[in-house]
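Data file: my_file-v2.cif. Format and content: mmCIF, C-alpha atoms and all ligand atoms.
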data_upload
loop_
_atom_site.label_atom_id
_atom_site.label_comp_id
_atom_site.auth_asym_id
_atom_site.auth_seq_id
_atom_site.Cartn_x
_atom_site.Cartn_y
_atom_site.Cartn_z
CA MET G 1 11.05 98.24 13.21
CA GLU G 2 14.72 98.39 14.19
CA ASN G 3 17.12 99.89 11.66
CA LEU G 4 18.31 96.84 9.73
CA LEU G 5 21.59 98.51 8.77
CA LYS G 6 22.59 99.64 12.25
CA GLY G 7 25.39 97.77 14.00
CA LYS G 8 26.99 98.33 17.40
CA ARG G 9 29.55 100.94 16.28
CA VAL G 10 28.39 101.92 12.80
CA GLN G 11 25.36 102.51 10.66
CA LEU G 12 25.28 101.80 6.93
CA LYS G 13 23.57 104.30 4.66
CA THR G 14 23.49 105.17 0.97
CA ILE G 15 26.57 106.70 -0.64
CA ASP G 16 26.48 110.49 -0.58
CA PRO G 17 27.82 111.82 -3.91
CA GLU G 18 28.35 115.22 -2.24
CA LYS G 19 31.11 113.53 -0.22
CA ALA G 20 33.21 112.84 -3.32
CA PRO G 21 35.95 115.26 -2.14
CA LEU G 22 36.19 113.26 1.10
CA PHE G 23 36.41 109.85 -0.50
CA ASN G 24 38.74 111.16 -3.17
CA GLN G 25 41.19 111.90 -0.31
CA TRP G 26 40.92 108.29 0.87
CA PHE G 27 41.53 107.04 -2.66
CA ASN G 28 44.71 109.09 -2.89
CA ASP G 29 46.25 107.78 0.33
CA PRO G 30 48.65 104.96 -0.64
CA HIS G 31 48.46 103.53 2.89
CA ILE G 32 44.78 102.84 2.14
CA THR G 33 44.89 102.14 -1.59
CA GLU G 34 47.75 99.64 -1.52
CA ASN G 35 45.11 97.22 -0.26
CA LEU G 36 42.61 97.96 -3.02
CA GLN G 37 42.33 96.68 -6.56
CA TRP G 38 42.87 100.20 -7.93
CA GLY G 39 46.25 100.27 -6.22
CA THR G 40 48.45 103.26 -5.57
CA LEU G 41 47.81 105.11 -8.84
CA PRO G 42 46.45 108.60 -8.10
CA MET G 43 42.64 108.70 -8.31
CA PRO G 44 41.30 111.66 -10.30
CA MET G 45 38.45 113.57 -8.62
CA GLU G 46 36.33 112.89 -11.70
CA LEU G 47 36.44 109.13 -11.05
CA SER G 48 35.44 109.59 -7.41
CA LYS G 49 32.51 111.76 -8.57
CA ASN G 50 31.54 109.09 -11.11
CA PHE G 51 31.58 106.46 -8.39
CA GLY G 52 29.33 108.62 -6.19
CA ASP G 53 26.91 109.16 -9.08
CA GLN G 54 26.90 105.52 -10.21
CA ALA G 55 26.25 104.32 -6.68
CA GLN G 56 22.89 106.16 -6.88
CA GLN G 57 21.74 104.01 -9.80
CA PRO G 58 19.74 100.86 -9.08
CA SER G 59 21.76 97.73 -9.78
CA LYS G 60 21.00 94.02 -9.54
CA THR G 61 24.66 93.09 -9.24
CA ASP G 62 26.25 95.75 -6.99
CA GLN G 63 25.12 97.42 -3.76
CA HIS G 64 27.16 100.17 -2.14
CA PHE G 65 26.83 101.62 1.36
CA SER G 66 28.53 104.37 3.31
CA ILE G 67 29.83 103.56 6.79
CA HIS G 68 28.99 106.04 9.56
CA ALA G 69 30.66 105.81 12.96
CA LEU G 70 28.10 106.16 15.75
CA ASP G 71 30.46 107.00 18.59
CA LEU G 72 32.65 109.90 17.39
CA PRO G 73 32.55 113.23 19.23
CA GLU G 74 30.01 115.71 17.93
CA GLY G 75 31.41 117.81 15.11
CA GLU G 76 33.79 115.10 13.89
CA GLU G 77 33.14 113.67 10.42
CA SER G 78 31.19 110.43 10.90
CA TYR G 79 31.30 109.34 7.23
CA ILE G 80 34.31 107.03 7.54
CA GLY G 81 34.14 104.49 4.74
CA HIS G 82 32.33 102.44 2.15
CA ILE G 83 31.27 98.82 2.07
CA SER G 84 29.90 97.05 -1.00
CA LEU G 85 28.56 93.82 -2.38
CA HIS G 86 29.88 93.19 -5.88
CA HIS G 87 29.01 90.61 -8.52
CA ILE G 88 25.80 89.59 -6.75
CA ASP G 89 24.91 86.23 -8.26
CA TRP G 90 21.21 85.63 -7.54
CA ARG G 91 21.20 82.12 -8.96
CA ASN G 92 23.97 80.81 -6.70
CA ARG G 93 23.20 83.37 -3.99
CA VAL G 94 26.76 84.52 -3.52
CA ALA G 95 28.40 87.95 -3.65
CA GLU G 96 31.84 89.49 -3.14
CA LEU G 97 32.37 91.95 -0.30
CA GLY G 98 34.59 95.03 -0.61
CA ILE G 99 35.31 97.52 2.18
CA VAL G 100 37.36 100.59 2.90
CA ILE G 101 37.72 102.62 6.08
CA GLY G 102 39.22 105.67 4.46
CA ASP G 103 40.91 107.72 7.13
CA GLN G 104 43.98 106.18 8.78
CA LYS G 105 42.99 107.50 12.20
CA HIS G 106 39.93 105.22 12.19
CA LEU G 107 41.78 102.00 11.32
CA SER G 108 42.03 99.12 13.82
CA LYS G 109 39.30 100.54 16.04
CA GLY G 110 36.69 97.90 15.31
CA TYR G 111 34.64 99.87 12.79
CA GLY G 112 35.51 97.57 9.88
CA THR G 113 34.53 94.37 11.68
CA ASP G 114 31.25 95.89 12.84
CA ALA G 115 30.43 97.20 9.35
CA ILE G 116 31.08 93.73 7.90
CA LYS G 117 28.92 91.97 10.50
CA THR G 118 26.14 94.50 9.92
CA LEU G 119 26.23 93.99 6.17
CA LEU G 120 26.43 90.19 6.53
CA HIS G 121 23.31 90.20 8.70
CA PHE G 122 21.46 92.22 6.07
CA THR G 123 22.83 90.07 3.25
CA PHE G 124 21.77 86.79 4.81
CA MET G 125 18.51 87.84 6.48
CA GLU G 126 17.10 90.37 4.00
CA MET G 127 18.69 89.61 0.63
CA ASN G 128 18.59 85.83 1.11
CA LEU G 129 22.13 85.24 -0.13
CA ASN G 130 23.83 82.06 1.05
CA LYS G 131 27.50 82.99 0.88
CA VAL G 132 29.73 86.05 0.88
CA MET G 133 33.32 85.84 -0.28
CA LEU G 134 36.15 88.36 -0.48
CA ARG G 135 39.75 88.52 -1.53
CA HIS G 136 42.61 90.40 0.05
CA TYR G 137 46.31 90.77 -0.49
CA GLN G 138 48.87 88.80 1.51
CA PHE G 139 50.33 91.88 3.19
CA ASN G 140 46.93 93.05 4.45
CA GLU G 141 47.19 91.46 7.89
CA ARG G 142 44.81 93.96 9.45
CA GLY G 143 42.14 93.03 6.91
CA HIS G 144 42.79 89.31 7.40
CA ARG G 145 42.35 89.64 11.15
CA ALA G 146 39.15 91.69 10.76
CA TYR G 147 37.67 89.12 8.35
CA LEU G 148 38.48 86.26 10.71
CA LYS G 149 36.83 88.20 13.55
CA ALA G 150 33.72 88.64 11.39
CA GLY G 151 33.61 84.86 10.83
CA PHE G 152 35.24 84.42 7.41
CA LYS G 153 37.40 81.37 6.74
CA GLU G 154 40.34 81.25 4.37
CA GLU G 155 39.37 79.13 1.36
CA GLY G 156 42.45 79.34 -0.80
CA ARG G 157 45.03 81.57 -2.36
CA LEU G 158 46.33 82.50 -5.79
CA ARG G 159 50.08 82.29 -5.38
CA LEU G 160 52.14 85.35 -6.34
CA GLN G 161 49.20 86.82 -8.25
CA LEU G 162 49.80 90.47 -7.37
CA TYR G 163 52.78 92.73 -8.01
CA ARG G 164 53.07 95.59 -5.51
CA HIS G 165 55.93 97.34 -3.69
CA GLY G 166 58.55 95.67 -5.87
CA ARG G 167 57.56 92.04 -5.36
CA PHE G 168 54.84 89.46 -5.91
CA TRP G 169 52.24 88.58 -3.27
CA ASP G 170 49.53 85.96 -2.88
CA VAL G 171 45.87 86.88 -3.24
CA ILE G 172 43.89 85.25 -0.43
CA TYR G 173 40.26 84.17 -0.84
CA MET G 174 37.97 84.01 2.19
CA GLY G 175 34.29 83.11 2.53
CA ILE G 176 31.45 82.81 5.00
CA LEU G 177 28.21 80.82 4.69
CA LYS G 178 24.87 81.99 6.03
CA GLU G 179 24.76 78.95 8.32
CA GLU G 180 28.16 79.79 9.82
CA PHE G 181 27.19 83.41 10.38
CA MET G 182 23.85 82.55 12.00
CA ASN G 183 25.43 79.94 14.29
CA ASN G 184 27.72 82.65 15.68
CA GLN G 185 25.01 85.20 16.52
C1 LIG Z 201 40.52 96.18 6.30
C2 LIG Z 201 39.66 97.12 7.13
C3 LIG Z 201 38.27 97.26 6.52
C4 LIG Z 201 39.51 96.52 8.55
O1 LIG Z 201 38.75 97.42 9.33
P1 LIG Z 201 39.35 97.97 10.72
O2 LIG Z 201 38.29 98.79 11.34
O3 LIG Z 201 40.65 98.64 10.47
O4 LIG Z 201 39.59 96.59 11.47
P2 LIG Z 201 39.21 96.15 12.95
O5 LIG Z 201 39.65 97.17 13.94
O6 LIG Z 201 37.76 95.77 12.98
O7 LIG Z 201 40.08 94.84 13.08
C5 LIG Z 201 41.45 94.87 12.77
C6 LIG Z 201 42.20 93.84 13.58
O8 LIG Z 201 43.50 93.66 13.02
C7 LIG Z 201 44.47 93.89 14.00
N1 LIG Z 201 45.66 94.39 13.31
C8 LIG Z 201 45.97 95.65 12.97
N2 LIG Z 201 47.15 95.68 12.31
C9 LIG Z 201 47.57 94.39 12.26
C10 LIG Z 201 48.73 93.75 11.72
N3 LIG Z 201 49.67 94.44 11.10
N4 LIG Z 201 48.84 92.40 11.84
C11 LIG Z 201 47.89 91.67 12.46
N5 LIG Z 201 46.76 92.22 12.99
C12 LIG Z 201 46.63 93.57 12.89
C13 LIG Z 201 43.83 94.86 14.97
O9 LIG Z 201 44.48 94.87 16.21
C14 LIG Z 201 42.42 94.27 15.02
O10 LIG Z 201 42.37 93.07 15.75
P3 LIG Z 201 41.91 93.01 17.31
O11 LIG Z 201 40.55 93.63 17.37
O12 LIG Z 201 41.91 91.56 17.63
O13 LIG Z 201 42.91 93.80 18.09
C15 LIG Z 201 40.34 98.53 7.27
O14 LIG Z 201 41.56 98.39 7.96
C16 LIG Z 201 40.60 99.20 5.92
O15 LIG Z 201 39.67 99.69 5.29
N6 LIG Z 201 41.89 99.25 5.51
C17 LIG Z 201 42.31 99.96 4.33
C18 LIG Z 201 41.67 99.44 3.04
C19 LIG Z 201 41.57 97.94 3.01
O16 LIG Z 201 42.46 97.22 3.43
N7 LIG Z 201 40.43 97.47 2.49
C20 LIG Z 201 40.16 96.05 2.37
C21 LIG Z 201 40.77 95.49 1.15
S1 LIG Z 201 40.53 93.73 1.02
#

Represent the structure of the file as structure tokens.
Amino acid sequence: MENLLKGKRVQLKTIDPEKAPLFNQWFNDPHITENLQWGTLPMPMELSKNFGDQAQQPSKTDQHFSIHALDLPEGEESYIGHISLHHIDWRNRVAELGIVIGDQKHLSKGYGTDAIKTLLHFTFMEMNLNKVMLRHYQFNERGHRAYLKAGFKEEGRLRLQLYRHGRFWDVIYMGILKEEFMNNQ
């Protein structure tokens, strides 16, 4: 059987706790973390290790994956990010997607969109969820564009809900239904 977590540019795998030093670097780069809920506070190594360890534990509500680029030159680190489903609600069959491509040099190269499409396919066809939603911050135009490319629609926004970089910003909610995703395959 084909690998169900393999996309065109990336493959999704389990989180490797041994890579905590790598993802701790991502989580201490403000260019990356300004877009994340944690924000630009420094991330202690201990917390990155805890995340790596916790991601090994079975969970009904959260599923985490590492993102591996398939097309980098041999010898270059292929472990480039994480993608997760949070708050999986089995009754309403909806979950919240979170994603980070951690190294700036890999941003805007299509890896994020492919990782999202790969996870959506798995979510709708294997996990039998009906909807995936996400939220992002107003200034994250790269994310917004990637989510639109993956088929998400904007559903609403919480006005001036986030304080960052000395001002308030909207928090934008986006969602995609299984039917919409399948119609675009
Ligand atoms: C958000 C994220 C996952 C998107 O993945 P990615 O691999 O960088 O995105 P892609 O290359 O697939 O798509 C990005 C698109 O945005 C475009 N883009 C980049 N900067 C942009 C900007 N400032 N304004 C508008 N569009 C922009 C790119 O050109 C590309 O569109 P195109 O393919 O039509 O040219 C990734 O950028 C990331 O992890 N960023 C840091 C952390 C983060 O923001 N996490 C998500 C929090 S909600």

Counting only C-alpha atoms and all ligand atoms, which residues of chain G fall within 6 Å of ligand LIG 201 (chain Z), and what is the closest atom pair for each with its distance in Å at one decimal, ordered by chain and rising number, as JSON lines?
{"residue": "G:Ile32", "atom": "CA", "partner": "Z:LIG201", "partner_atom": "C17", "distance": 4.4}
{"residue": "G:Asn35", "atom": "CA", "partner": "Z:LIG201", "partner_atom": "O16", "distance": 4.5}
{"residue": "G:Leu36", "atom": "CA", "partner": "Z:LIG201", "partner_atom": "C21", "distance": 5.2}
{"residue": "G:Ile99", "atom": "CA", "partner": "Z:LIG201", "partner_atom": "C20", "distance": 5.1}
{"residue": "G:Val100", "atom": "CA", "partner": "Z:LIG201", "partner_atom": "O15", "distance": 3.4}
{"residue": "G:Ile101", "atom": "CA", "partner": "Z:LIG201", "partner_atom": "O15", "distance": 3.6}
{"residue": "G:Leu107", "atom": "CA", "partner": "Z:LIG201", "partner_atom": "O3", "distance": 3.6}
{"residue": "G:Ser108", "atom": "CA", "partner": "Z:LIG201", "partner_atom": "O5", "distance": 3.1}
{"residue": "G:Lys109", "atom": "CA", "partner": "Z:LIG201", "partner_atom": "O5", "distance": 4.0}
{"residue": "G:Gly110", "atom": "CA", "partner": "Z:LIG201", "partner_atom": "O6", "distance": 3.3}
{"residue": "G:Tyr111", "atom": "CA", "partner": "Z:LIG201", "partner_atom": "O2", "distance": 4.1}
{"residue": "G:Gly112", "atom": "CA", "partner": "Z:LIG201", "partner_atom": "O1", "distance": 3.3}
{"residue": "G:Thr113", "atom": "CA", "partner": "Z:LIG201", "partner_atom": "O6", "distance": 3.8}
{"residue": "G:Arg135", "atom": "CA", "partner": "Z:LIG201", "partner_atom": "S1", "distance": 5.9}
{"residue": "G:His136", "atom": "CA", "partner": "Z:LIG201", "partner_atom": "S1", "distance": 4.0}
{"residue": "G:Glu141", "atom": "CA", "partner": "Z:LIG201", "partner_atom": "N4", "distance": 4.4}
{"residue": "G:Arg142", "atom": "CA", "partner": "Z:LIG201", "partner_atom": "O8", "distance": 3.8}
{"residue": "G:Gly143", "atom": "CA", "partner": "Z:LIG201", "partner_atom": "C1", "distance": 3.6}
{"residue": "G:Arg145", "atom": "CA", "partner": "Z:LIG201", "partner_atom": "O8", "distance": 4.6}
{"residue": "G:Ala146", "atom": "CA", "partner": "Z:LIG201", "partner_atom": "O7", "distance": 4.0}

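Counting all atoms listed in the file, the residue from G:Thr61, G:Asn3, G:Ser48, G:Thr40 that sits nearest to G:Pro17 is G:Ser48.
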
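Interatomic distance, atom CA of G:Gly7 against atom CA of G:Thr118: 5.3 Å.
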
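Picture a line from atom CA of G:Lys60 to atom CA of G:Lys131; it runs 16.5 Å.
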
d(atom CA of G:Ile172, atom CA of G:His87) in Å: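 Between these atoms lies a distance of 17.8 Å.
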
Option closest in space to G:Thr123, from G:Leu4, G:Pro58, G:Phe152, G:Arg91 [counting all atoms listed in the file]: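 Nearest candidate to G:Thr123 out of G:Leu4, G:Pro58, G:Phe152, G:Arg91: G:Leu4.
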
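Each of G:Glu155, G:Thr14, G:Glu74, G:Leu47 was compared to G:Asn28 using all atoms listed in the file, and G:Leu47 turns out to be the nearest.
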
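Using only C-alpha atoms, the shortest contact distance between G:Gly151 and any of G:Ile176, G:Leu41, G:Leu5, G:Leu120 is found at G:Ile176.
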
Neighbour list for G:Asp170 as a list in words, cut-off 7 Å, all atoms listed in the file, skip fewer than 3 positions in-chain: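 Once the nearby chain positions are removed, what remains is Tyr137, Gln138, Arg157, Leu158, Arg159, Leu160, Gln161 and Leu162 of chain G.
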
Among listed residues G:Ala150, G:Leu177, G:Met127, G:Ala115, nearest G:Ala69 (using all atoms listed in the file): G:Ala115

The centre and edge lengths of an axis-aligned box containing all atoms of stretch 144-160 of chain G present in the file, extended by 5 Å on each side, are to be given in Å to one decimal, as lines of an AutoDock Vina configuration file.
center_x = 42.9
center_y = 85.4
center_z = 3.6
size_x = 28.5
size_y = 22.6
size_z = 29.9

Which residue of G:Ser78, G:Gly52, G:Met174, G:Phe168 approaches G:His144 most closely, using all atoms listed in the file: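 So, comparing all the options, the nearest one is G:Met174.
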
Take stretch 131-149 of chain G from the block and save it with N, CA and C atoms, as a PDB file, in the first residue's frame.
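Dumped everything to result12.pdb:
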ATOM      1  N   LYS G 131     -14.153  18.156   9.314  1.00  0.00           N
ATOM      2  CA  LYS G 131     -13.741  19.556   9.169  1.00  0.00           C
ATOM      3  C   LYS G 131     -12.418  19.777   9.891  1.00  0.00           C
ATOM      4  N   VAL G 132     -11.581  20.602   9.297  1.00  0.00           N
ATOM      5  CA  VAL G 132     -10.353  21.045   9.975  1.00  0.00           C
ATOM      6  C   VAL G 132     -10.379  22.567   9.974  1.00  0.00           C
ATOM      7  N   MET G 133     -10.093  23.144  11.124  1.00  0.00           N
ATOM      8  CA  MET G 133     -10.039  24.603  11.215  1.00  0.00           C
ATOM      9  C   MET G 133      -8.643  25.008  11.695  1.00  0.00           C
ATOM     10  N   LEU G 134      -8.336  26.271  11.566  1.00  0.00           N
ATOM     11  CA  LEU G 134      -7.086  26.802  12.110  1.00  0.00           C
ATOM     12  C   LEU G 134      -7.291  28.277  12.400  1.00  0.00           C
ATOM     13  N   ARG G 135      -6.371  28.820  13.156  1.00  0.00           N
ATOM     14  CA  ARG G 135      -6.391  30.279  13.330  1.00  0.00           C
ATOM     15  C   ARG G 135      -4.988  30.812  13.096  1.00  0.00           C
ATOM     16  N   HIS G 136      -4.925  32.015  12.533  1.00  0.00           N
ATOM     17  CA  HIS G 136      -3.613  32.634  12.359  1.00  0.00           C
ATOM     18  C   HIS G 136      -3.724  34.123  12.618  1.00  0.00           C
ATOM     19  N   TYR G 137      -2.588  34.743  12.784  1.00  0.00           N
ATOM     20  CA  TYR G 137      -2.576  36.164  13.131  1.00  0.00           C
ATOM     21  C   TYR G 137      -2.590  37.016  11.865  1.00  0.00           C
ATOM     22  N   GLN G 138      -3.164  38.184  12.002  1.00  0.00           N
ATOM     23  CA  GLN G 138      -3.404  39.079  10.850  1.00  0.00           C
ATOM     24  C   GLN G 138      -2.147  39.340  10.034  1.00  0.00           C
ATOM     25  N   PHE G 139      -1.004  39.445  10.717  1.00  0.00           N
ATOM     26  CA  PHE G 139       0.227  39.799   9.995  1.00  0.00           C
ATOM     27  C   PHE G 139       0.843  38.603   9.270  1.00  0.00           C
ATOM     28  N   ASN G 140       0.292  37.410   9.497  1.00  0.00           N
ATOM     29  CA  ASN G 140       0.890  36.212   8.889  1.00  0.00           C
ATOM     30  C   ASN G 140       0.338  35.995   7.478  1.00  0.00           C
ATOM     31  N   GLU G 141       0.790  36.844   6.562  1.00  0.00           N
ATOM     32  CA  GLU G 141       0.252  36.789   5.195  1.00  0.00           C
ATOM     33  C   GLU G 141       0.742  35.553   4.449  1.00  0.00           C
ATOM     34  N   ARG G 142       1.947  35.106   4.801  1.00  0.00           N
ATOM     35  CA  ARG G 142       2.470  33.898   4.156  1.00  0.00           C
ATOM     36  C   ARG G 142       1.579  32.705   4.531  1.00  0.00           C
ATOM     37  N   GLY G 143       1.268  32.617   5.830  1.00  0.00           N
ATOM     38  CA  GLY G 143       0.398  31.525   6.280  1.00  0.00           C
ATOM     39  C   GLY G 143      -0.961  31.612   5.599  1.00  0.00           C
ATOM     40  N   HIS G 144      -1.533  32.815   5.566  1.00  0.00           N
ATOM     41  CA  HIS G 144      -2.865  32.987   4.977  1.00  0.00           C
ATOM     42  C   HIS G 144      -2.880  32.476   3.539  1.00  0.00           C
ATOM     43  N   ARG G 145      -1.855  32.868   2.807  1.00  0.00           N
ATOM     44  CA  ARG G 145      -1.763  32.453   1.386  1.00  0.00           C
ATOM     45  C   ARG G 145      -1.623  30.925   1.286  1.00  0.00           C
ATOM     46  N   ALA G 146      -0.791  30.340   2.133  1.00  0.00           N
ATOM     47  CA  ALA G 146      -0.609  28.876   2.098  1.00  0.00           C
ATOM     48  C   ALA G 146      -1.931  28.177   2.426  1.00  0.00           C
ATOM     49  N   TYR G 147      -2.687  28.692   3.386  1.00  0.00           N
ATOM     50  CA  TYR G 147      -3.939  28.030   3.781  1.00  0.00           C
ATOM     51  C   TYR G 147      -4.978  28.146   2.660  1.00  0.00           C
ATOM     52  N   LEU G 148      -5.002  29.297   1.995  1.00  0.00           N
ATOM     53  CA  LEU G 148      -5.918  29.437   0.854  1.00  0.00           C
ATOM     54  C   LEU G 148      -5.543  28.428  -0.234  1.00  0.00           C
ATOM     55  N   LYS G 149      -4.224  28.301  -0.481  1.00  0.00           N
ATOM     56  CA  LYS G 149      -3.772  27.372  -1.525  1.00  0.00           C
ATOM     57  C   LYS G 149      -4.171  25.931  -1.187  1.00  0.00           C
TER      58      LYS G 149
END
